[in-house]
file start-v9.txt (compact mmCIF, C-alpha atoms)
# COMPACT_ATOMS: atom_id res chain seq x y z
CA MET A 1 0.00 0.00 0.00
CA SER A 2 1.05 3.58 -0.60
CA ILE A 3 -1.00 5.28 2.10
CA GLU A 4 1.14 7.77 4.02
CA ALA A 5 -1.48 9.53 6.13
CA TYR A 6 -4.93 8.80 7.52
CA VAL A 7 -6.58 12.06 8.51
CA ILE A 8 -9.89 12.59 10.29
CA PRO A 9 -10.99 16.20 9.72
CA ARG A 10 -13.64 17.77 11.98
CA THR A 11 -15.20 20.20 9.51
CA VAL A 12 -16.26 20.11 5.86
CA LYS A 13 -13.95 23.07 5.22
CA GLU A 14 -10.99 21.18 6.67
CA ALA A 15 -11.83 18.11 4.57
CA ARG A 16 -12.12 20.24 1.44
CA GLY A 17 -8.73 21.82 2.18
CA LEU A 18 -7.06 18.44 2.62
CA LEU A 19 -8.52 17.15 -0.63
CA THR A 20 -7.57 20.29 -2.56
CA ARG A 21 -4.04 20.36 -1.22
CA GLY A 22 -3.70 16.65 -1.97
CA LYS A 23 -3.81 17.48 -5.71
CA GLY A 24 -5.30 14.14 -6.65
CA THR A 25 -3.32 12.10 -4.13
CA ALA A 26 -5.92 12.48 -1.35
CA ALA A 27 -9.15 10.45 -1.37
CA VAL A 28 -12.29 10.57 0.69
CA ILE A 29 -12.96 7.53 2.81
CA ALA A 30 -16.08 6.79 4.85
CA GLY A 31 -17.10 3.12 5.01
CA GLY A 32 -13.91 2.13 3.22
CA PHE A 33 -15.47 -0.87 1.51
CA SER A 34 -14.13 0.10 -1.92
CA LEU A 35 -10.84 1.70 -0.94
CA ALA A 36 -9.62 -0.49 1.90
CA PRO A 37 -8.90 -3.73 0.01
CA ASN A 38 -6.95 -2.11 -2.78
CA PRO A 39 -6.42 1.66 -2.75
CA PRO A 40 -5.13 3.11 -6.01
CA SER A 41 -1.35 3.57 -5.91
CA ARG A 42 -1.63 7.34 -6.53
CA ILE A 43 -3.52 7.80 -3.23
CA LYS A 44 -1.22 8.89 -0.40
CA THR A 45 -3.70 10.46 2.03
CA LEU A 46 -7.05 9.15 3.16
CA VAL A 47 -9.48 11.79 4.37
CA ASP A 48 -11.98 10.13 6.68
CA ILE A 49 -15.27 12.06 6.61
CA THR A 50 -17.03 10.10 9.34
CA ALA A 51 -16.45 12.79 12.00
CA LEU A 52 -18.14 15.58 10.03
CA GLY A 53 -21.63 14.94 11.38
CA LEU A 54 -22.83 13.58 8.04
CA ASP A 55 -24.33 10.39 9.45
CA TYR A 56 -27.96 11.45 9.57
CA VAL A 57 -31.38 10.87 8.03
CA ARG A 58 -33.56 13.96 8.39
CA VAL A 59 -37.16 13.87 7.32
CA SER A 60 -39.17 17.05 6.85
CA LYS A 61 -42.46 17.81 5.11
CA SER A 62 -40.61 18.61 1.90
CA ALA A 63 -37.68 16.19 1.76
CA ILE A 64 -35.69 13.26 3.06
CA ARG A 65 -32.09 14.34 3.60
CA ILE A 66 -29.45 11.66 4.04
CA GLY A 67 -25.93 12.53 5.12
CA ALA A 68 -23.27 11.02 2.88
CA ALA A 69 -21.65 9.22 5.82
CA CYS A 70 -24.91 7.63 6.98
CA THR A 71 -24.39 3.88 6.83
CA VAL A 72 -26.77 1.60 4.98
CA ALA A 73 -27.68 0.14 8.39
CA GLY A 74 -28.36 3.68 9.63
CA LEU A 75 -30.73 4.31 6.72
CA LEU A 76 -32.53 1.02 7.38
CA GLU A 77 -32.92 1.85 11.07
CA ALA A 78 -34.17 5.37 10.33
CA ALA A 79 -36.74 3.76 8.00
CA PRO A 80 -38.14 7.00 6.58
CA ALA A 81 -41.89 6.73 6.05
CA GLY A 82 -43.84 7.31 2.88
CA ILE A 83 -43.52 5.90 -0.62
CA ALA A 84 -40.09 7.46 -1.24
CA GLY A 85 -38.76 6.38 2.15
CA ARG A 86 -39.98 2.82 1.68
CA LEU A 87 -38.37 2.62 -1.74
CA LEU A 88 -35.03 3.73 -0.29
CA VAL A 89 -35.32 1.12 2.46
CA GLN A 90 -36.23 -1.58 -0.03
CA ALA A 91 -33.20 -0.74 -2.17
CA ALA A 92 -30.86 -0.53 0.82
CA ARG A 93 -32.07 -3.73 2.43
CA ASP A 94 -30.00 -6.18 0.42
CA ILE A 95 -26.78 -4.25 -0.02
CA GLY A 96 -24.08 -6.72 1.06
CA GLY A 97 -24.22 -8.67 4.32
CA THR A 98 -24.80 -7.32 7.82
CA PRO A 99 -21.15 -6.45 8.67
CA ASN A 100 -20.86 -4.57 5.40
CA ARG A 101 -24.14 -2.71 5.80
CA ASN A 102 -22.72 -1.47 9.10
CA VAL A 103 -19.88 0.29 7.29
CA ILE A 104 -20.98 0.95 3.70
CA THR A 105 -22.24 4.52 3.52
CA VAL A 106 -24.96 5.97 1.35
CA GLY A 107 -22.43 8.41 -0.12
CA GLY A 108 -19.96 5.64 -0.87
CA ASN A 109 -22.65 3.47 -2.42
CA ILE A 110 -23.51 6.14 -4.97
CA VAL A 111 -20.01 7.50 -5.61
CA GLN A 112 -18.05 4.27 -5.89
CA LEU A 113 -20.80 2.53 -7.88
CA LEU A 114 -19.80 -1.04 -7.17
CA PRO A 115 -21.98 -3.45 -9.11
CA TRP A 116 -24.15 -3.98 -6.03
CA ALA A 117 -24.83 -0.28 -5.59
CA ASP A 118 -28.59 -0.56 -5.28
CA LEU A 119 -29.42 2.96 -4.16
CA PRO A 120 -28.77 4.73 -7.49
CA VAL A 121 -31.82 3.29 -9.26
CA ALA A 122 -34.05 4.36 -6.37
CA LEU A 123 -32.52 7.85 -6.34
CA LEU A 124 -32.98 8.10 -10.11
CA VAL A 125 -36.71 7.39 -10.08
CA LEU A 126 -37.18 9.66 -7.05
CA ASP A 127 -35.40 12.46 -8.95
CA ALA A 128 -33.05 12.95 -5.99
CA LYS A 129 -30.39 15.61 -5.84
CA ILE A 130 -26.81 15.06 -4.75
CA LYS A 131 -25.19 17.82 -2.71
CA ILE A 132 -21.49 18.25 -3.41
CA ALA A 133 -19.18 20.39 -1.28
CA GLY A 134 -16.35 22.13 -3.09
CA ALA A 135 -14.03 25.10 -3.00
CA ARG A 136 -16.76 27.40 -4.33
CA GLY A 137 -19.37 26.22 -1.84
CA ALA A 138 -22.00 23.54 -2.35
CA ARG A 139 -23.70 22.55 -5.58
CA LEU A 140 -26.73 20.34 -6.17
CA VAL A 141 -26.70 17.85 -9.03
CA ARG A 142 -29.72 15.86 -10.20
CA ALA A 143 -29.24 12.11 -9.85
CA GLU A 144 -29.73 11.65 -13.59
CA GLU A 145 -26.80 13.98 -14.27
CA PHE A 146 -24.72 12.55 -11.42
CA PHE A 147 -24.87 9.01 -12.80
CA ARG A 148 -24.41 9.97 -16.46
CA SER A 149 -20.70 9.21 -16.15
CA PRO A 150 -18.75 7.57 -13.29
CA PRO A 151 -19.34 9.95 -10.35
CA LEU A 152 -15.71 9.84 -9.19
CA ARG A 153 -14.70 11.32 -12.52
CA GLN A 154 -17.31 14.06 -12.20
CA LEU A 155 -16.11 15.32 -8.84
CA ARG A 156 -13.70 18.21 -9.20
CA ARG A 157 -10.55 18.44 -7.11
CA GLY A 158 -11.45 19.12 -3.47
CA GLU A 159 -15.09 18.13 -3.96
CA PHE A 160 -16.99 15.42 -2.16
CA VAL A 161 -20.61 14.39 -1.68
CA THR A 162 -22.11 15.58 1.60
CA GLU A 163 -25.83 14.89 1.28
CA ILE A 164 -28.53 13.23 -0.76
CA VAL A 165 -31.82 15.10 -0.97
CA VAL A 166 -34.99 13.27 -1.94
CA GLY A 167 -37.75 15.80 -2.47
CA LYS A 168 -41.25 14.76 -1.48
CA THR A 169 -44.05 15.11 -3.97
CA GLY A 170 -47.73 14.30 -3.62
CA ALA A 171 -47.62 13.15 -7.24
CA LEU A 172 -45.68 10.01 -6.26
CA LYS A 173 -48.33 7.28 -5.93
CA ALA A 174 -46.35 4.03 -5.86
CA ALA A 175 -42.85 2.65 -6.23
CA ALA A 176 -41.09 -0.70 -6.33
CA PHE A 177 -37.57 -2.08 -6.34
CA GLU A 178 -36.42 -5.44 -7.66
CA LYS A 179 -33.01 -7.08 -7.58
CA ILE A 180 -31.69 -10.40 -8.78
CA GLY A 181 -28.40 -11.84 -7.60
CA PRO A 182 -27.08 -15.25 -6.58
CA SER A 183 -26.79 -14.38 -2.86
CA ALA A 184 -26.76 -11.51 -0.38
CA ASN A 185 -23.00 -11.23 -0.64
CA SER A 186 -22.80 -11.42 -4.43
CA TYR A 187 -22.87 -8.66 -6.96
CA CYS A 188 -26.36 -8.54 -8.41
CA PHE A 189 -27.11 -9.42 -12.02
CA ALA A 190 -29.57 -6.57 -12.35
CA ASP A 191 -31.62 -4.20 -10.22
CA CYS A 192 -34.47 -1.93 -11.13
CA ALA A 193 -36.66 0.72 -9.54
CA VAL A 194 -39.99 2.00 -10.82
CA ALA A 195 -42.04 4.96 -9.61
CA LEU A 196 -45.54 5.91 -10.69
CA LEU A 197 -46.65 9.53 -10.53
CA ARG A 198 -49.99 11.18 -11.17
CA ARG A 199 -50.36 14.84 -12.08
CA GLY A 200 -54.04 15.68 -12.42
CA ASN A 201 -55.44 12.89 -14.53
CA SER A 202 -52.19 12.12 -16.24
CA TRP A 203 -49.92 9.30 -15.14
CA GLU A 204 -46.24 8.85 -15.75
CA ALA A 205 -43.84 6.03 -14.96
CA ARG A 206 -40.19 6.41 -14.14
CA ALA A 207 -37.93 3.37 -14.46
CA ALA A 208 -34.22 2.96 -13.82
CA LEU A 209 -31.96 -0.02 -14.36
CA SER A 210 -28.52 -0.91 -13.01
CA GLY A 211 -26.30 -3.92 -12.37
CA ALA A 212 -26.72 -5.23 -15.90
CA THR A 213 -25.51 -1.93 -17.34
CA ALA A 214 -22.20 -0.18 -16.68
CA LEU A 215 -23.94 2.84 -15.19
CA PRO A 216 -27.37 3.20 -13.58
CA ALA A 217 -29.74 5.08 -15.86
CA ARG A 218 -33.38 5.99 -16.41
CA LEU A 219 -35.08 4.07 -19.20
CA GLY A 220 -36.25 7.12 -21.12
CA ALA A 221 -37.68 5.24 -24.09
CA LEU A 222 -39.80 3.05 -21.84
CA GLU A 223 -41.00 6.03 -19.84
CA LYS A 224 -42.02 7.71 -23.10
CA ALA A 225 -44.00 4.63 -24.15
CA LEU A 226 -45.88 4.59 -20.83
CA LYS A 227 -46.54 8.32 -20.50
CA GLY A 228 -50.20 9.19 -20.17
CA LEU A 229 -51.36 5.59 -19.79
CA THR A 230 -53.26 4.52 -16.71
CA PRO A 231 -51.30 2.15 -14.47
CA ALA A 232 -53.56 -0.74 -15.48
CA ARG A 233 -52.50 -0.35 -19.12
CA MET A 234 -48.80 0.09 -18.38
CA PRO A 235 -47.71 -3.59 -18.08
CA ALA A 236 -48.98 -4.49 -21.55
CA ALA A 237 -47.46 -1.37 -23.08
CA ALA A 238 -44.17 -2.09 -21.30
CA ALA A 239 -44.13 -5.68 -22.57
CA ALA A 240 -44.46 -4.33 -26.12
CA ALA A 241 -41.85 -1.60 -25.73
CA LEU A 242 -39.26 -3.38 -23.61
CA PRO A 243 -37.57 -5.58 -26.26
CA GLY A 244 -36.58 -2.47 -28.21
CA VAL A 245 -35.66 -0.53 -25.06
CA ILE A 246 -33.46 -3.29 -23.67
CA LYS A 247 -31.87 -3.99 -27.06
CA SER A 248 -30.60 -0.42 -27.18
CA LEU A 249 -28.81 -0.74 -23.82
CA LYS A 250 -25.15 -1.58 -23.47
CA ILE A 251 -25.31 -4.67 -21.26
CA ARG A 252 -22.30 -5.59 -19.18
CA PRO A 253 -21.19 -9.24 -19.29
CA ASP A 254 -19.13 -10.78 -16.51
CA ILE A 255 -17.63 -14.12 -15.59
CA ARG A 256 -20.99 -15.37 -14.25
CA ALA A 257 -23.34 -14.51 -17.07
CA ASP A 258 -23.11 -13.45 -20.70
CA ALA A 259 -24.66 -10.26 -22.03
CA GLU A 260 -27.57 -11.98 -23.79
CA TRP A 261 -28.75 -13.70 -20.61
CA ARG A 262 -28.42 -10.46 -18.68
CA ARG A 263 -30.31 -8.60 -21.39
CA GLU A 264 -33.23 -11.00 -21.09
CA LEU A 265 -33.07 -10.78 -17.32
CA ALA A 266 -33.05 -6.98 -17.44
CA GLY A 267 -36.31 -6.98 -19.39
CA GLU A 268 -37.93 -9.36 -16.93
CA ILE A 269 -36.83 -7.43 -13.86
CA VAL A 270 -38.26 -4.20 -15.26
CA LYS A 271 -41.57 -5.96 -15.95
CA THR A 272 -41.58 -7.37 -12.40
CA ALA A 273 -40.86 -4.00 -10.79
CA LEU A 274 -43.49 -2.27 -12.91
CA ALA A 275 -46.08 -4.92 -12.06
CA ALA A 276 -45.29 -4.52 -8.35
CA ALA A 277 -45.69 -0.73 -8.53
CA VAL A 278 -48.92 -1.03 -10.53
CA GLY A 279 -50.18 -3.56 -7.98
CA ARG A 280 -49.51 -1.08 -5.20
CA VAL A 281 -51.26 1.81 -6.90
CA SER A 282 -54.32 -0.26 -7.61
CA GLY A 283 -54.44 -1.34 -3.98
CA LYS A 284 -53.59 -5.00 -4.47
CA LYS A 285 -50.54 -4.58 -2.23
CA LYS A 286 -50.40 -1.97 0.46
CA LYS A 287 -46.60 -1.61 0.56
CA MET B 288 3.62 8.40 9.56
CA ASN B 289 2.59 6.31 12.56
CA LYS B 290 -0.13 7.62 14.81
CA THR B 291 -0.93 6.77 18.42
CA ILE B 292 -4.51 5.74 18.94
CA SER B 293 -6.49 4.61 21.95
CA ILE B 294 -8.98 1.74 21.71
CA GLU B 295 -11.05 -0.02 24.33
CA ILE B 296 -10.74 -3.70 23.52
CA ASN B 297 -12.93 -6.06 25.52
CA GLY B 298 -13.38 -3.42 28.21
CA LYS B 299 -9.69 -2.57 28.54
CA SER B 300 -8.28 0.70 27.15
CA SER B 301 -4.93 0.52 25.42
CA SER B 302 -2.78 2.75 23.26
CA PHE B 303 -1.30 1.57 19.97
CA SER B 304 1.09 3.01 17.44
CA VAL B 305 -0.46 2.32 14.03
CA ALA B 306 0.71 2.89 10.47
CA PRO B 307 -1.77 4.81 8.25
CA ASP B 308 -2.33 1.72 6.10
CA GLU B 309 -2.67 -0.79 8.93
CA MET B 310 -5.98 -2.61 9.09
CA LEU B 311 -7.81 -3.21 12.35
CA LEU B 312 -7.58 -6.97 11.78
CA ASP B 313 -3.78 -6.82 11.67
CA LEU B 314 -3.58 -4.56 14.72
CA LEU B 315 -5.78 -6.95 16.70
CA ARG B 316 -3.84 -10.04 15.67
CA ARG B 317 -0.41 -8.53 16.42
CA SER B 318 -1.81 -7.44 19.79
CA GLY B 319 -2.76 -10.99 20.70
CA TYR B 320 -6.43 -11.04 19.70
CA ARG B 321 -6.02 -13.89 17.26
CA GLY B 322 -9.66 -14.96 17.40
CA ALA B 323 -10.26 -12.49 14.56
CA LYS B 324 -9.31 -14.69 11.62
CA VAL B 325 -7.68 -13.78 8.34
CA GLY B 326 -9.95 -14.86 5.52
CA CYS B 327 -10.70 -13.18 2.22
CA ARG B 328 -9.50 -9.69 3.20
CA GLU B 329 -12.23 -8.33 0.95
CA GLY B 330 -15.17 -8.13 3.34
CA PHE B 331 -16.97 -11.18 2.00
CA CYS B 332 -16.28 -14.10 4.33
CA GLY B 333 -16.79 -12.59 7.79
CA ALA B 334 -13.98 -14.60 9.44
CA CYS B 335 -12.50 -11.34 10.74
CA THR B 336 -15.77 -10.08 12.27
CA VAL B 337 -15.44 -8.06 15.47
CA LEU B 338 -17.90 -5.73 17.16
CA LEU B 339 -17.18 -2.02 16.69
CA ASP B 340 -19.24 -0.09 19.22
CA GLY B 341 -21.49 -3.15 19.43
CA ARG B 342 -21.99 -3.67 15.69
CA PRO B 343 -20.43 -6.47 13.66
CA VAL B 344 -17.92 -5.25 11.08
CA ASN B 345 -15.28 -6.89 8.92
CA SER B 346 -12.05 -5.81 10.62
CA CYS B 347 -10.13 -6.50 7.40
CA LEU B 348 -11.80 -3.44 5.85
CA ILE B 349 -11.45 -1.01 8.75
CA PHE B 350 -8.31 1.08 8.92
CA ALA B 351 -6.93 0.82 12.46
CA ALA B 352 -6.68 4.62 12.70
CA ARG B 353 -10.45 4.80 12.38
CA ALA B 354 -10.92 2.79 15.57
CA ASP B 355 -9.39 5.58 17.65
CA GLY B 356 -11.61 6.24 20.67
CA ARG B 357 -13.97 3.36 19.82
CA LYS B 358 -14.93 0.15 21.62
CA ILE B 359 -14.02 -3.22 20.12
CA THR B 360 -15.25 -6.62 21.23
CA THR B 361 -13.37 -9.67 20.01
CA ILE B 362 -14.17 -13.30 20.68
CA GLU B 363 -11.62 -13.22 23.52
CA GLY B 364 -13.93 -10.76 25.27
CA LEU B 365 -16.82 -13.20 25.49
CA GLY B 366 -15.53 -16.23 27.34
CA ASP B 367 -12.64 -18.66 27.66
CA PRO B 368 -12.40 -22.46 27.43
CA ASN B 369 -13.13 -22.83 31.15
CA ASN B 370 -15.91 -20.31 31.24
CA LEU B 371 -17.77 -20.23 27.96
CA HIS B 372 -20.19 -17.46 27.11
CA PRO B 373 -23.75 -18.85 26.72
CA ILE B 374 -23.55 -18.19 22.96
CA GLN B 375 -20.29 -20.14 22.66
CA ASP B 376 -21.80 -22.95 24.73
CA ALA B 377 -24.88 -22.98 22.51
CA PHE B 378 -22.77 -23.28 19.36
CA LEU B 379 -21.00 -26.31 20.87
CA LYS B 380 -24.18 -27.95 22.15
CA ALA B 381 -25.97 -27.47 18.82
CA GLY B 382 -23.07 -29.06 16.93
CA ALA B 383 -22.58 -25.88 14.92
CA VAL B 384 -18.77 -26.05 15.04
CA GLN B 385 -16.57 -28.16 12.79
CA CYS B 386 -13.27 -26.58 11.75
CA GLY B 387 -14.14 -23.51 13.82
CA TYR B 388 -12.52 -20.93 11.57
CA CYS B 389 -15.71 -18.95 10.95
CA ILE B 390 -17.16 -19.46 14.42
CA PRO B 391 -15.69 -16.42 16.24
CA GLY B 392 -17.29 -14.20 13.62
CA ALA B 393 -20.61 -16.04 13.76
CA VAL B 394 -20.63 -15.93 17.57
CA LEU B 395 -19.95 -12.18 17.58
CA SER B 396 -22.66 -11.56 14.99
CA THR B 397 -24.99 -13.58 17.21
CA LYS B 398 -24.03 -11.48 20.23
CA ALA B 399 -24.76 -8.26 18.35
CA LEU B 400 -28.12 -9.69 17.31
CA LEU B 401 -29.19 -10.96 20.73
CA ASP B 402 -28.10 -7.72 22.42
CA ARG B 403 -30.67 -5.94 20.25
CA VAL B 404 -33.27 -8.63 19.59
CA PRO B 405 -33.42 -11.12 22.47
CA ASP B 406 -35.96 -13.42 20.82
CA PRO B 407 -35.32 -13.36 17.06
CA ASP B 408 -37.26 -15.44 14.55
CA GLU B 409 -35.48 -17.52 11.92
CA ALA B 410 -35.61 -14.85 9.21
CA VAL B 411 -34.00 -12.33 11.54
CA ILE B 412 -31.32 -14.85 12.53
CA LYS B 413 -30.51 -15.65 8.90
CA ARG B 414 -30.17 -11.97 8.11
CA ALA B 415 -27.94 -11.36 11.13
CA LEU B 416 -25.58 -14.15 10.05
CA ASP B 417 -25.64 -13.29 6.35
CA GLY B 418 -22.11 -11.90 6.49
CA ASN B 419 -20.50 -14.98 8.05
CA LEU B 420 -19.74 -17.72 5.56
CA CYS B 421 -19.25 -21.31 6.74
CA ARG B 422 -17.87 -24.06 4.51
CA CYS B 423 -18.09 -26.99 6.97
CA THR B 424 -21.31 -27.51 8.86
CA GLY B 425 -23.49 -25.14 6.89
CA TYR B 426 -26.03 -22.92 8.51
CA LYS B 427 -28.80 -25.13 9.86
CA LYS B 428 -26.93 -25.93 13.08
CA GLN B 429 -25.83 -22.34 13.47
CA ILE B 430 -29.44 -21.17 13.32
CA GLU B 431 -30.32 -23.78 15.95
CA ALA B 432 -27.39 -22.53 18.04
CA VAL B 433 -28.65 -18.94 17.92
CA LYS B 434 -32.12 -20.07 19.01
CA LEU B 435 -30.58 -22.07 21.84
CA ALA B 436 -28.39 -19.14 22.85
CA ALA B 437 -31.44 -16.87 22.92
CA ARG B 438 -33.20 -19.33 25.26
CA LYS B 439 -30.10 -19.61 27.47
CA LEU B 440 -29.66 -15.84 27.75
CA LYS B 441 -33.38 -15.36 28.40
CA GLY B 442 -33.22 -17.92 31.21
CA LYS B 443 -30.18 -16.17 32.65
CA LYS B 444 -31.99 -12.85 32.81
CA LYS B 445 -34.97 -14.28 34.71
call {"tool": "encode", "arguments": {"input": "start-v9.txt", "output": "structure tokens"}}
result
Amino acid sequence: MSIEAYVIPRTVKEARGLLTRGKGTAAVIAGGFSLAPNPPSRIKTLVDITALGLDYVRVSKSAIRIGAACTVAGLLEAAPAGIAGRLLVQAARDIGGTPNRNVITVGGNIVQLLPWADLPVALLVLDAKIKIAGARGARLVRAEEFFRSPPLRQLRRGEFVTEIVVGKTGALKAAAFEKIGPSANSYCFADCAVALLRRGNSWEARAALSGATALPARLGALEKALKGLTPARMPAAAAAALPGVIKSLKIRPDIRADAEWRRELAGEIVKTALAAAVGRVSGKKKK
Amino acid sequence: MNKTISIEINGKSSSFSVAPDEMLLDLLRRSGYRGAKVGCREGFCGACTVLLDGRPVNSCLIFAARADGRKITTIEGLGDPNNLHPIQDAFLKAGAVQCGYCIPGAVLSTKALLDRVPDPDEAVIKRALDGNLCRCTGYKKQIEAVKLAARKLKGKKK
């Protein structure tokens, strides 16, 4: 290992300073799940952000705010209520095993984007915003933008994620999360989140897929095909649209499964998540 | 540069000089707490599980410097061969131990569970042990052991 210093700053400003002065050789660490086993050789200083008071889940009338250093276990214990809160809990529930959920942080899960990073799809369909602290103050980035390229590459020197903001909207009527993997400790093959929203008499579906793809992303073409349909009509329309939607995706193969199998699986998992969300909105399932 | 940190291990506070890249697992083992086993070193097998402020963690993934000012419980803090902790005794009585390599981790995960949930159902037990892999006896006997331990600890409290 090349680590020369492990620093635990007490303020965001101090952390920012350490990262800026590190000129690319300093890295943020919180849970450490990604960095600890094999830190990149260029990293000389680890900046531990767990003493910055970022380990919170705050729920207000308008938003759920999650500190970047909140562990997955912390999010599960906070169990924020409501459709958005339940979706977050559902996505967080099967991240790794218990000892790992006690250290993996929400910020790390979305920044490092390991293949089992289940929170991004939920944040995408909830249209969450990621708060990033940097030399010029804080900036908010929509989840869709944040995940467009690997987040670590998007962060400028001295920047790090401090908070995830999930705005509450009365338009959100149901949501569901689905994941398929060989075991709790394995990288998943695919995961998917779906949210159904109603504005006036018009319905819209949001769907996001990850695991099977290199980066988590909204399925814009599917959402377009479902726009304006009632939830009851969405599953049939999705079944018709999905082959084309999934075919256009760049599916990631790995040692366990080839791309074609994963492609088929991705289509099925989206159908399953959509059916679960539709079931919830029509009152078949209360969750 | 080495740093001096203070950790309470099994109720006893001690100071340690640690390198910035030293992992908690290695610090514990060089300090005599060899019940934390070296396994995958990637956070998958759970052989290195210890309790950090009462929660099970993989000590192979925790930098030692991060444990400064925290409380650690290792398997040595539960019991010894002449005076087994009820959870250790339950694992023996249920026949949940074969090679024993994973057992310290499983016992500590069980302790963390029973400290919070004294009477867990099977689903809760399975979830609590989901980070501790066993390649000998499997999990059926371990689940029985946790149930037995829960009964033992409940009886002790009465």
call {"tool": "closest_atom_pairs", "arguments": {"input": "start-v9.txt", "of": "stretch 301-370 of chain B", "to": "stretch 6-21 of chain A", "cutoff": "12 Å", "atoms": "only C-alpha atoms", "output": "JSON lines"}}
result
{"residue": "B:Val305", "atom": "CA", "partner": "A:Tyr6", "partner_atom": "CA", "distance": 10.2}
{"residue": "B:Ala306", "atom": "CA", "partner": "A:Tyr6", "partner_atom": "CA", "distance": 8.7}
{"residue": "B:Pro307", "atom": "CA", "partner": "A:Tyr6", "partner_atom": "CA", "distance": 5.1}
{"residue": "B:Asp308", "atom": "CA", "partner": "A:Tyr6", "partner_atom": "CA", "distance": 7.7}
{"residue": "B:Glu309", "atom": "CA", "partner": "A:Tyr6", "partner_atom": "CA", "distance": 10.0}
{"residue": "B:Met310", "atom": "CA", "partner": "A:Tyr6", "partner_atom": "CA", "distance": 11.6}
{"residue": "B:Ile349", "atom": "CA", "partner": "A:Tyr6", "partner_atom": "CA", "distance": 11.8}
{"residue": "B:Phe350", "atom": "CA", "partner": "A:Tyr6", "partner_atom": "CA", "distance": 8.5}
{"residue": "B:Ala351", "atom": "CA", "partner": "A:Tyr6", "partner_atom": "CA", "distance": 9.6}
{"residue": "B:Ala352", "atom": "CA", "partner": "A:Tyr6", "partner_atom": "CA", "distance": 6.9}
{"residue": "B:Arg353", "atom": "CA", "partner": "A:Ile8", "partner_atom": "CA", "distance": 8.1}
{"residue": "B:Ala354", "atom": "CA", "partner": "A:Ile8", "partner_atom": "CA", "distance": 11.2}
{"residue": "B:Asp355", "atom": "CA", "partner": "A:Ile8", "partner_atom": "CA", "distance": 10.2}
call {"tool": "interface_residues", "arguments": {"input": "start-v9.txt", "of": "chain B", "to": "chain A", "cutoff": "9 Å", "atoms": "only C-alpha atoms", "output": "JSON, numbers by chain"}}
result
{"B": [288, 289, 290, 306, 307, 308, 310, 328, 329, 330, 331, 332, 333, 336, 342, 343, 344, 345, 347, 348, 349, 350, 352, 353, 396, 414, 415, 416, 417, 418, 419]}
call {"tool": "atom_distance", "arguments": {"input": "start-v9.txt", "atom1": "atom CA of A:Ala27", "atom2": "atom CA of A:Ile43"}}
result
6.5 Å
call {"tool": "closest_residue", "arguments": {"input": "start-v9.txt", "among": "B:Leu312, B:Leu435, B:Leu365, B:Val411", "to": "B:Lys380", "atoms": "only C-alpha atoms"}}
result
B:Leu435
call {"tool": "atom_distance", "arguments": {"input": "start-v9.txt", "atom1": "atom CA of A:Gly181", "atom2": "atom CA of A:Pro120"}}
result
16.6 Å
call {"tool": "residues_around", "arguments": {"input": "start-v9.txt", "residues": "stretch 246-252 of chain A", "least_positions_apart": "2", "cutoff": "8 Å", "atoms": "all atoms listed in the file", "output": "list in words"}}
result
Ala212, Thr213, Ala214, Leu242, Pro243, Gly244, Asp254, Ala259, Arg262, Arg263, Ala266 and Gly267 of chain A
call {"tool": "atom_distance", "arguments": {"input": "start-v9.txt", "atom1": "atom CA of A:Asn109", "atom2": "atom CA of A:Arg256"}}
result
22.3 Å
call {"tool": "residues_near_point", "arguments": {"input": "start-v9.txt", "point": "(-46.9, 14.4, -0.3)", "cutoff": "12 Å", "atoms": "all atoms listed in the file", "output": "tab-separated table (two decimals) with C-alpha atoms, in the coordinates of the input"}}
result
chain	number	residue	atom	x	y	z
A	60	SER	CA	-39.17	17.05	6.85
A	61	LYS	CA	-42.46	17.81	5.11
A	62	SER	CA	-40.61	18.61	1.90
A	63	ALA	CA	-37.68	16.19	1.76
A	64	ILE	CA	-35.69	13.26	3.06
A	81	ALA	CA	-41.89	6.73	6.05
A	82	GLY	CA	-43.84	7.31	2.88
A	83	ILE	CA	-43.52	5.90	-0.62
A	84	ALA	CA	-40.09	7.46	-1.24
A	85	GLY	CA	-38.76	6.38	2.15
A	167	GLY	CA	-37.75	15.80	-2.47
A	168	LYS	CA	-41.25	14.76	-1.48
A	169	THR	CA	-44.05	15.11	-3.97
A	170	GLY	CA	-47.73	14.30	-3.62
A	171	ALA	CA	-47.62	13.15	-7.24
A	172	LEU	CA	-45.68	10.01	-6.26
A	173	LYS	CA	-48.33	7.28	-5.93
A	174	ALA	CA	-46.35	4.03	-5.86
A	197	LEU	CA	-46.65	9.53	-10.53
A	198	ARG	CA	-49.99	11.18	-11.17
call {"tool": "closest_residue", "arguments": {"input": "start-v9.txt", "among": "B:Gly392, B:Gly326, B:Pro373, B:Gly356", "to": "B:Ser302", "atoms": "all atoms listed in the file"}}
result
B:Gly356
call {"tool": "residues_near_point", "arguments": {"input": "start-v9.txt", "point": "(-46.5, 8.1, -16.9)", "cutoff": "10 Å", "atoms": "only C-alpha atoms", "output": "list in words"}}
result
Ala195, Leu196, Leu197, Arg198, Arg199, Ser202, Trp203, Glu204, Ala205, Arg206, Leu222, Glu223, Lys224, Ala225, Leu226, Lys227, Gly228, Leu229, Thr230, Pro231 and Met234 of chain A
call {"tool": "residues_around", "arguments": {"input": "start-v9.txt", "residues": "A:Glu77", "least_positions_apart": "5", "cutoff": "10 Å", "atoms": "only C-alpha atoms", "output": "list in words"}}
result
Val57, Thr71, Val72 and Val89 of chain A
call {"tool": "residues_around", "arguments": {"input": "start-v9.txt", "residues": "B:Ala383", "least_positions_apart": "2", "cutoff": "8 Å", "atoms": "all atoms listed in the file", "output": "list in words"}}
result
Phe378, Leu379, Lys380, Ala381, Gln385, Thr424, Tyr426, Lys428, Gln429 and Ala432 of chain B
